[in-house]
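Visitor: Mind looking over this structure? Questions follow.
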Amino acid sequence: MYNTAATRHFSGTYAEARRKFLDAAAQRGAAIESFELEAHRGALGEALATDVAYLGKPGAARLLIVSSGTHGPEGFCGSGCQVATLNDADLLSRAEQAGIGLLLIHAVNPHGFSHLHRTNEDNIDLNRNHIDFNAPLPVNAAYAEVEPFVLPANWPPTAADMTKMAAYIEKNGMWAFRTAVTSGQYTSPLGVFYGGTAPSWSNRTMRGILRKYGSAATHIGWIDVHTGLGPYGHGEKIYAGRNAPADLARARAWWGADVFAPFEGQSASADVSGPVVSAVYDECPQASAAVMGLEFGTLPDQEVMNRLRADTWLRRHPEAPEEQQRTIRQELRDAFYCDNDEWKGMVLGQSRVVLLQTVQGLKTA
Ligand SMILES: [Zn+2]
């Protein structure tokens with residue numbers, strides 16, 4: 001059986017992940033800052049916070065950001081990567097020698113991380129919430145058509161619901177169906193991939209963190225760790241930046257030709273509106289940035305989607321029997337976190353490569 005000490009960096013609950021992160025950061029002598037989500041508590045009654053650990057000279061011109069838990073339980077993976085990084089003396093000394101500041105942002109969505117929801121305390125998908133709310137909201141007209149069978153009255157869906165969904169896919173194609181469901185919608189607050197109608201607490205918190213730690217940076221590399229799309233254990237490099245040729249070219253120069261841009265159509269991800277990392281352009285406009293969602297595959301895409309639908313259905317049906325609630329929670333967690341040594345080893349190997357590539361990219365930028 002494959003087993004390394006590295007898997008000890010992963011945790012089984014948000015509370016444990018937070019403790020491991022803060023302990024590892026303190027041991028490394030990082031500057032730590034915590035932003036508490038005061039109006040809410042966690043699933044175990046614990047406090048909820050986005051925690052920040054910074055290593056390097058204050059105001060470093062070259063800044064490497066690693067964030068976790070944008071999508072709640074996907075944080076089990078990202079937190080493990082962050083704690084492993086804090087224990088990676090070799091990588092840290094390379095960053096330090098290159099004068100790079102390392103900013104680790106733990107649990108962008110602490111409520112979802114603790115309560116095992118991909119969305120936040122208001123069912124907002126944070127990667128659809130970083131849009132310009134002064135402009136008209138993005139329109140996803142197809143969403144209203146698919147919601148009735150994506151989120152049917154009863155769970156699991158009836159044969160009639162499944163027939164309607166199959167008919168839609170038959171008529172419009174799988175790509176159109178997935179885009180309708182996942183690209184983001186701003187009309188159904190208890191729907192899937194809901195982007196909200198105002199900046200969320202996490203959005204405001206992240207912007208404050210970026211202004212504080214990134215305002216002196218000339219070059220920023222940002223890896224936001226995700227899970228749930230693509231082949232098991234594979235880390236897909238999803239370009240999450242703006243559609244600008246120089247920015248995409250920078251990302252590919254640093255991370256390779258296997259950086260997939262959703263707007264070019266080869267990514268496992270739809271072209272989504274308002275990802276968290278896009279805030280770098282608003283808050284650190286002076287910096288050239290390379291930004292990526294590093295997305296680790298877990299279960300087959302269709303299975304992940306079904307479990308996500310069940311999770312959203314549950315938010316609409318808090319009266320569901322307790323056993324069904326438990327099952328949906330557990331299946332949702334398993335959809336975004338493969339709690340075994342093999343998968344964690346794959347994750348840590350690939351995330352370490354990406355971090356070393358980013359150090360190299362920042363160093364030579
Ligand atoms: Zn995600």
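By order of appearance in the structure tokens: chains A, B, ..., then residues from 1 within every chain, and ligands from 1 in the order shown.
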Could you list the protein, DNA and RNA residues that have any atom within 6 Å of ligand 1, counting only C-alpha atoms and all ligand atoms, and write them as a PDB file with N, CA, C and O atoms, in the first residue's frame?

Guide:
```pdb
ATOM      1  N   HIS A  71     -14.929  26.371  -2.680  1.00  0.00           N
ATOM      2  CA  HIS A  71     -16.141  25.560  -2.763  1.00  0.00           C
ATOM      3  C   HIS A  71     -16.225  24.601  -1.579  1.00  0.00           C
ATOM      4  O   HIS A  71     -16.203  23.375  -1.743  1.00  0.00           O
ATOM      5  N   HIS A 226      -9.097  23.317  -6.370  1.00  0.00           N
ATOM      6  CA  HIS A 226     -10.473  22.817  -6.477  1.00  0.00           C
ATOM      7  C   HIS A 226     -10.479  21.308  -6.666  1.00  0.00           C
ATOM      8  O   HIS A 226      -9.458  20.710  -6.991  1.00  0.00           O
ATOM      9  N   THR A 227     -11.669  20.714  -6.519  1.00  0.00           N
ATOM     10  CA  THR A 227     -11.843  19.293  -6.814  1.00  0.00           C
ATOM     11  C   THR A 227     -13.207  19.056  -7.449  1.00  0.00           C
ATOM     12  O   THR A 227     -14.104  19.895  -7.347  1.00  0.00           O
TER      13      THR A 227
END
```

Visitor: Do you know which residues are at most 10 Å from Ala53 of chain A counting only C-alpha atoms, after dropping those on the same chain fewer than 5 positions away, and could you put them as a PyMOL selection string?

Guide: chain A and resi 21-22+24-26+28-34+82+86+102-106

Visitor: With distances taken over only C-alpha atoms, which residue among A:Thr298, A:Asn243, A:Asn306, A:Thr364 lies nearest Ala335 of chain A?

Guide: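 Closest residue, counting only C-alpha atoms: A:Thr298.
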
Visitor: Between A:Glu264, A:Val108, A:Gln97, A:Asn123, which has the minimum distance to Arg316 of chain A (counting only C-alpha atoms)?

Guide: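 Comparing A:Glu264, A:Val108, A:Gln97, A:Asn123 against Arg316 of chain A, the winner is A:Asn123.
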
Visitor: For segment 149-263 of chain A versus segment 279-294 of chain A, which residues have an atom no more than 7 Å away, and what is each residue's nearest atom pair and distance in Å rounded to one decimal, using only C-alpha atoms, chain-then-number order, as a Markdown table?

Guide:
```
| residue | atom | partner | partner_atom | distance |
| --- | --- | --- | --- | --- |
| A:Arg207 | CA | A:Glu283 | CA | 6.4 |
| A:Leu210 | CA | A:Glu283 | CA | 6.2 |
| A:Arg211 | CA | A:Glu283 | CA | 5.6 |
| A:Gly214 | CA | A:Cys284 | CA | 6.1 |
| A:Ser215 | CA | A:Cys284 | CA | 5.6 |
| A:Ala217 | CA | A:Ala287 | CA | 5.8 |
| A:Thr218 | CA | A:Ala287 | CA | 4.2 |
| A:His219 | CA | A:Ser288 | CA | 4.9 |
| A:Ile220 | CA | A:Ala289 | CA | 4.7 |
| A:Gly221 | CA | A:Ala290 | CA | 4.8 |
| A:Trp222 | CA | A:Val291 | CA | 4.7 |
| A:Ile223 | CA | A:Met292 | CA | 5.0 |
| A:Asp224 | CA | A:Gly293 | CA | 4.8 |
| A:Val225 | CA | A:Leu294 | CA | 4.9 |
| A:His226 | CA | A:Leu294 | CA | 5.8 |
| A:Gly235 | CA | A:Leu294 | CA | 5.9 |
| A:Glu236 | CA | A:Leu294 | CA | 5.8 |
| A:Lys237 | CA | A:Leu294 | CA | 4.9 |
| A:Ile238 | CA | A:Gly293 | CA | 5.0 |
| A:Tyr239 | CA | A:Met292 | CA | 4.8 |
| A:Ala240 | CA | A:Met292 | CA | 5.2 |
| A:Gly241 | CA | A:Val291 | CA | 5.6 |
| A:Asp247 | CA | A:Ala290 | CA | 6.5 |
| A:Arg250 | CA | A:Ala290 | CA | 6.3 |
| A:Ala251 | CA | A:Ala290 | CA | 5.1 |
```

Visitor: Could you dump the residues just selected with N, CA and C atoms as a CSV table (one decimal), in the first residue's frame?

Guide:
```csv
chain,number,residue,atom,x,y,z
A,207,ARG,N,-11.2,40.5,-1.2
A,207,ARG,CA,-10.7,41.7,-1.8
A,207,ARG,C,-9.9,42.5,-0.8
A,210,LEU,N,-6.5,40.8,-0.6
A,210,LEU,CA,-5.7,41.2,-1.8
A,210,LEU,C,-5.1,42.6,-1.8
A,211,ARG,N,-6.0,43.5,-1.3
A,211,ARG,CA,-5.5,44.9,-1.2
A,211,ARG,C,-4.3,45.0,-0.2
A,214,GLY,N,-1.4,42.4,-1.6
A,214,GLY,CA,-1.0,42.5,-3.0
A,214,GLY,C,-0.7,43.8,-3.6
A,215,SER,N,-0.9,44.9,-2.8
A,215,SER,CA,-0.9,46.2,-3.4
A,215,SER,C,0.5,46.6,-3.8
A,217,ALA,N,2.7,44.4,-5.1
A,217,ALA,CA,3.2,43.4,-6.0
A,217,ALA,C,3.3,43.8,-7.4
A,218,THR,N,4.3,43.5,-8.1
A,218,THR,CA,4.4,43.7,-9.5
A,218,THR,C,4.0,42.4,-10.3
A,219,HIS,N,4.2,41.3,-9.6
A,219,HIS,CA,3.9,40.0,-10.3
A,219,HIS,C,3.2,39.1,-9.3
A,220,ILE,N,2.1,38.5,-9.7
A,220,ILE,CA,1.4,37.6,-8.8
A,220,ILE,C,1.1,36.3,-9.5
A,221,GLY,N,1.3,35.2,-8.9
A,221,GLY,CA,0.9,33.9,-9.3
A,221,GLY,C,-0.1,33.4,-8.3
A,222,TRP,N,-1.3,32.9,-8.8
A,222,TRP,CA,-2.4,32.5,-7.8
A,222,TRP,C,-2.9,31.2,-8.2
A,223,ILE,N,-2.9,30.2,-7.3
A,223,ILE,CA,-3.4,28.9,-7.5
A,223,ILE,C,-4.6,28.7,-6.5
A,224,ASP,N,-5.8,28.5,-7.1
A,224,ASP,CA,-6.9,28.3,-6.2
A,224,ASP,C,-7.3,26.8,-6.4
A,225,VAL,N,-7.1,26.0,-5.3
A,225,VAL,CA,-7.2,24.6,-5.4
A,225,VAL,C,-8.7,24.1,-5.4
A,226,HIS,N,-9.1,23.3,-6.4
A,226,HIS,CA,-10.5,22.8,-6.5
A,226,HIS,C,-10.5,21.3,-6.7
A,235,GLY,N,-4.8,16.6,-11.8
A,235,GLY,CA,-4.9,18.0,-11.6
A,235,GLY,C,-5.0,18.7,-12.9
A,236,GLU,N,-6.2,19.2,-13.2
A,236,GLU,CA,-6.3,20.0,-14.5
A,236,GLU,C,-6.0,21.4,-14.2
A,237,LYS,N,-5.2,22.0,-15.0
A,237,LYS,CA,-4.8,23.4,-14.8
A,237,LYS,C,-5.8,24.2,-15.6
A,238,ILE,N,-6.8,24.8,-14.9
A,238,ILE,CA,-7.8,25.6,-15.5
A,238,ILE,C,-7.5,27.1,-15.4
A,239,TYR,N,-7.3,27.7,-16.6
A,239,TYR,CA,-7.0,29.1,-16.6
A,239,TYR,C,-8.2,29.8,-16.2
A,240,ALA,N,-8.1,30.6,-15.1
A,240,ALA,CA,-9.3,31.3,-14.5
A,240,ALA,C,-9.2,32.8,-14.7
A,241,GLY,N,-8.2,33.2,-15.5
A,241,GLY,CA,-8.0,34.7,-15.6
A,241,GLY,C,-8.9,35.3,-16.7
A,247,ASP,N,-2.1,37.5,-20.9
A,247,ASP,CA,-2.3,36.9,-19.6
A,247,ASP,C,-2.3,35.4,-19.8
A,250,ARG,N,1.2,34.1,-20.5
A,250,ARG,CA,2.0,34.0,-19.3
A,250,ARG,C,1.7,32.8,-18.5
A,251,ALA,N,0.4,32.5,-18.3
A,251,ALA,CA,0.0,31.2,-17.6
A,251,ALA,C,0.6,30.0,-18.3
```

Visitor: Given the choices A:Val259, A:Ala6, A:Ala159, A:Ala253, which gets closest to Asp88 of chain A if the distance is worked out from only C-alpha atoms?

Guide: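 Closest residue, counting only C-alpha atoms: A:Ala6.
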
Visitor: DSSP on the backbone: what in segment 59-283 of chain A comes out alpha helix (DSSP H), as a ChimeraX atom specification?

Guide: /A:75-86,89-97,110-115,142-150,159-172,174-182,201-214,245-255,279-283

Visitor: Going by DSSP on the backbone, which bits of segment 144-270 of chain A are strand (DSSP E)? Write them as number ranges by chain, please.

Guide: A: 219-232, 235-239, 259-260

Visitor: Selected residues, N, CA, C and O atoms, written as a PDB file, in the first residue's frame, please.

Guide:
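Ended up saving to selection02.pdb:
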```pdb
ATOM      1  N   HIS A 219       4.246  41.290  -9.634  1.00  0.00           N
ATOM      2  CA  HIS A 219       3.928  40.001 -10.270  1.00  0.00           C
ATOM      3  C   HIS A 219       3.226  39.095  -9.263  1.00  0.00           C
ATOM      4  O   HIS A 219       3.701  38.937  -8.139  1.00  0.00           O
ATOM      5  N   ILE A 220       2.119  38.525  -9.698  1.00  0.00           N
ATOM      6  CA  ILE A 220       1.353  37.633  -8.817  1.00  0.00           C
ATOM      7  C   ILE A 220       1.068  36.317  -9.539  1.00  0.00           C
ATOM      8  O   ILE A 220       0.637  36.313 -10.695  1.00  0.00           O
ATOM      9  N   GLY A 221       1.336  35.215  -8.855  1.00  0.00           N
ATOM     10  CA  GLY A 221       0.886  33.900  -9.321  1.00  0.00           C
ATOM     11  C   GLY A 221      -0.117  33.374  -8.309  1.00  0.00           C
ATOM     12  O   GLY A 221       0.145  33.402  -7.108  1.00  0.00           O
ATOM     13  N   TRP A 222      -1.291  32.928  -8.767  1.00  0.00           N
ATOM     14  CA  TRP A 222      -2.353  32.528  -7.829  1.00  0.00           C
ATOM     15  C   TRP A 222      -2.916  31.180  -8.235  1.00  0.00           C
ATOM     16  O   TRP A 222      -3.403  31.015  -9.347  1.00  0.00           O
ATOM     17  N   ILE A 223      -2.854  30.245  -7.299  1.00  0.00           N
ATOM     18  CA  ILE A 223      -3.423  28.915  -7.507  1.00  0.00           C
ATOM     19  C   ILE A 223      -4.564  28.721  -6.525  1.00  0.00           C
ATOM     20  O   ILE A 223      -4.372  28.746  -5.311  1.00  0.00           O
ATOM     21  N   ASP A 224      -5.760  28.548  -7.065  1.00  0.00           N
ATOM     22  CA  ASP A 224      -6.946  28.274  -6.243  1.00  0.00           C
ATOM     23  C   ASP A 224      -7.256  26.785  -6.421  1.00  0.00           C
ATOM     24  O   ASP A 224      -7.556  26.347  -7.536  1.00  0.00           O
ATOM     25  N   VAL A 225      -7.147  26.024  -5.332  1.00  0.00           N
ATOM     26  CA  VAL A 225      -7.248  24.568  -5.441  1.00  0.00           C
ATOM     27  C   VAL A 225      -8.717  24.128  -5.394  1.00  0.00           C
ATOM     28  O   VAL A 225      -9.463  24.525  -4.493  1.00  0.00           O
ATOM     29  N   HIS A 226      -9.097  23.317  -6.370  1.00  0.00           N
ATOM     30  CA  HIS A 226     -10.473  22.817  -6.477  1.00  0.00           C
ATOM     31  C   HIS A 226     -10.479  21.308  -6.666  1.00  0.00           C
ATOM     32  O   HIS A 226      -9.458  20.710  -6.991  1.00  0.00           O
ATOM     33  N   THR A 227     -11.669  20.714  -6.519  1.00  0.00           N
ATOM     34  CA  THR A 227     -11.843  19.293  -6.814  1.00  0.00           C
ATOM     35  C   THR A 227     -13.207  19.056  -7.449  1.00  0.00           C
ATOM     36  O   THR A 227     -14.104  19.895  -7.347  1.00  0.00           O
ATOM     37  N   GLY A 228     -13.323  17.897  -8.107  1.00  0.00           N
ATOM     38  CA  GLY A 228     -14.647  17.454  -8.559  1.00  0.00           C
ATOM     39  C   GLY A 228     -14.845  17.363 -10.059  1.00  0.00           C
ATOM     40  O   GLY A 228     -15.882  16.898 -10.512  1.00  0.00           O
ATOM     41  N   LEU A 229     -13.858  17.821 -10.845  1.00  0.00           N
ATOM     42  CA  LEU A 229     -13.967  17.707 -12.303  1.00  0.00           C
ATOM     43  C   LEU A 229     -12.759  16.960 -12.850  1.00  0.00           C
ATOM     44  O   LEU A 229     -11.646  17.128 -12.353  1.00  0.00           O
ATOM     45  N   GLY A 230     -12.984  16.187 -13.894  1.00  0.00           N
ATOM     46  CA  GLY A 230     -11.879  15.533 -14.597  1.00  0.00           C
ATOM     47  C   GLY A 230     -11.532  14.165 -14.023  1.00  0.00           C
ATOM     48  O   GLY A 230     -12.158  13.696 -13.071  1.00  0.00           O
ATOM     49  N   PRO A 231     -10.520  13.511 -14.613  1.00  0.00           N
ATOM     50  CA  PRO A 231     -10.166  12.146 -14.204  1.00  0.00           C
ATOM     51  C   PRO A 231      -9.669  12.077 -12.757  1.00  0.00           C
ATOM     52  O   PRO A 231      -9.025  13.009 -12.263  1.00  0.00           O
ATOM     53  N   TYR A 232      -9.940  10.956 -12.131  1.00  0.00           N
ATOM     54  CA  TYR A 232      -9.542  10.688 -10.738  1.00  0.00           C
ATOM     55  C   TYR A 232      -8.066  11.011 -10.503  1.00  0.00           C
ATOM     56  O   TYR A 232      -7.174  10.499 -11.191  1.00  0.00           O
ATOM     57  N   GLY A 235      -4.750  16.560 -11.838  1.00  0.00           N
ATOM     58  CA  GLY A 235      -4.890  17.983 -11.578  1.00  0.00           C
ATOM     59  C   GLY A 235      -4.981  18.746 -12.889  1.00  0.00           C
ATOM     60  O   GLY A 235      -3.971  18.932 -13.557  1.00  0.00           O
ATOM     61  N   GLU A 236      -6.196  19.154 -13.243  1.00  0.00           N
ATOM     62  CA  GLU A 236      -6.334  19.950 -14.471  1.00  0.00           C
ATOM     63  C   GLU A 236      -6.036  21.406 -14.162  1.00  0.00           C
ATOM     64  O   GLU A 236      -6.540  21.973 -13.189  1.00  0.00           O
ATOM     65  N   LYS A 237      -5.192  21.998 -15.000  1.00  0.00           N
ATOM     66  CA  LYS A 237      -4.831  23.402 -14.828  1.00  0.00           C
ATOM     67  C   LYS A 237      -5.844  24.241 -15.603  1.00  0.00           C
ATOM     68  O   LYS A 237      -5.779  24.334 -16.823  1.00  0.00           O
ATOM     69  N   ILE A 238      -6.781  24.803 -14.878  1.00  0.00           N
ATOM     70  CA  ILE A 238      -7.830  25.595 -15.531  1.00  0.00           C
ATOM     71  C   ILE A 238      -7.474  27.074 -15.441  1.00  0.00           C
ATOM     72  O   ILE A 238      -7.389  27.639 -14.344  1.00  0.00           O
ATOM     73  N   TYR A 239      -7.257  27.670 -16.589  1.00  0.00           N
ATOM     74  CA  TYR A 239      -6.978  29.101 -16.615  1.00  0.00           C
ATOM     75  C   TYR A 239      -8.231  29.842 -16.160  1.00  0.00           C
ATOM     76  O   TYR A 239      -9.301  29.671 -16.735  1.00  0.00           O
ATOM     77  N   VAL A 259      -2.407  24.108 -19.786  1.00  0.00           N
ATOM     78  CA  VAL A 259      -3.312  25.059 -19.125  1.00  0.00           C
ATOM     79  C   VAL A 259      -4.508  25.217 -20.063  1.00  0.00           C
ATOM     80  O   VAL A 259      -4.347  25.674 -21.197  1.00  0.00           O
ATOM     81  N   PHE A 260      -5.684  24.801 -19.599  1.00  0.00           N
ATOM     82  CA  PHE A 260      -6.875  24.858 -20.443  1.00  0.00           C
ATOM     83  C   PHE A 260      -7.701  26.093 -20.098  1.00  0.00           C
ATOM     84  O   PHE A 260      -7.980  26.358 -18.932  1.00  0.00           O
TER      85      PHE A 260
END
```

Visitor: By how many Å are atom CA of Leu362 of chain A and atom CA of Gly208 of chain A apart?

Guide: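 Atom-to-atom, atom CA of Leu362 of chain A and atom CA of Gly208 of chain A are spaced 22.8 Å apart.
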
Visitor: Considering only C-alpha atoms, can you say which of A:Cys77, A:Val181, A:Ala310, A:Leu63 comes closest to Val347 of chain A?

Guide: A:Cys77

Visitor: Which residue is closest to Ala61 of chain A? Choose from A:Ile169, A:Ala43, A:Ile209, A:Ala365 and count only C-alpha atoms.

Guide: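 Looking at the shortest contact to Ala61 of chain A, the residue is A:Ala365.
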
Visitor: Quick one: residues within 9 Å of Pro138 of chain A, only C-alpha atoms, excluding same-chain residues fewer than 5 positions away - as a VMD selection string?

Guide: chain A and resid 131 184 to 186 273

Visitor: Skip Gln330 of chain A itself and residues of its chain fewer than 6 positions away, then list as a PyMOL selection string all residues within 10 Å of it, counting only C-alpha atoms.

Guide: chain A and resi 116+307+324

Visitor: I'd like to know which of A:Phe133, A:Phe263, A:Tyr213, A:Trp155 is closest to Gly59 of chain A, using only C-alpha atoms.

Guide: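 When distances to Gly59 of chain A are compared using only C-alpha atoms, the smallest one comes from A:Tyr213.
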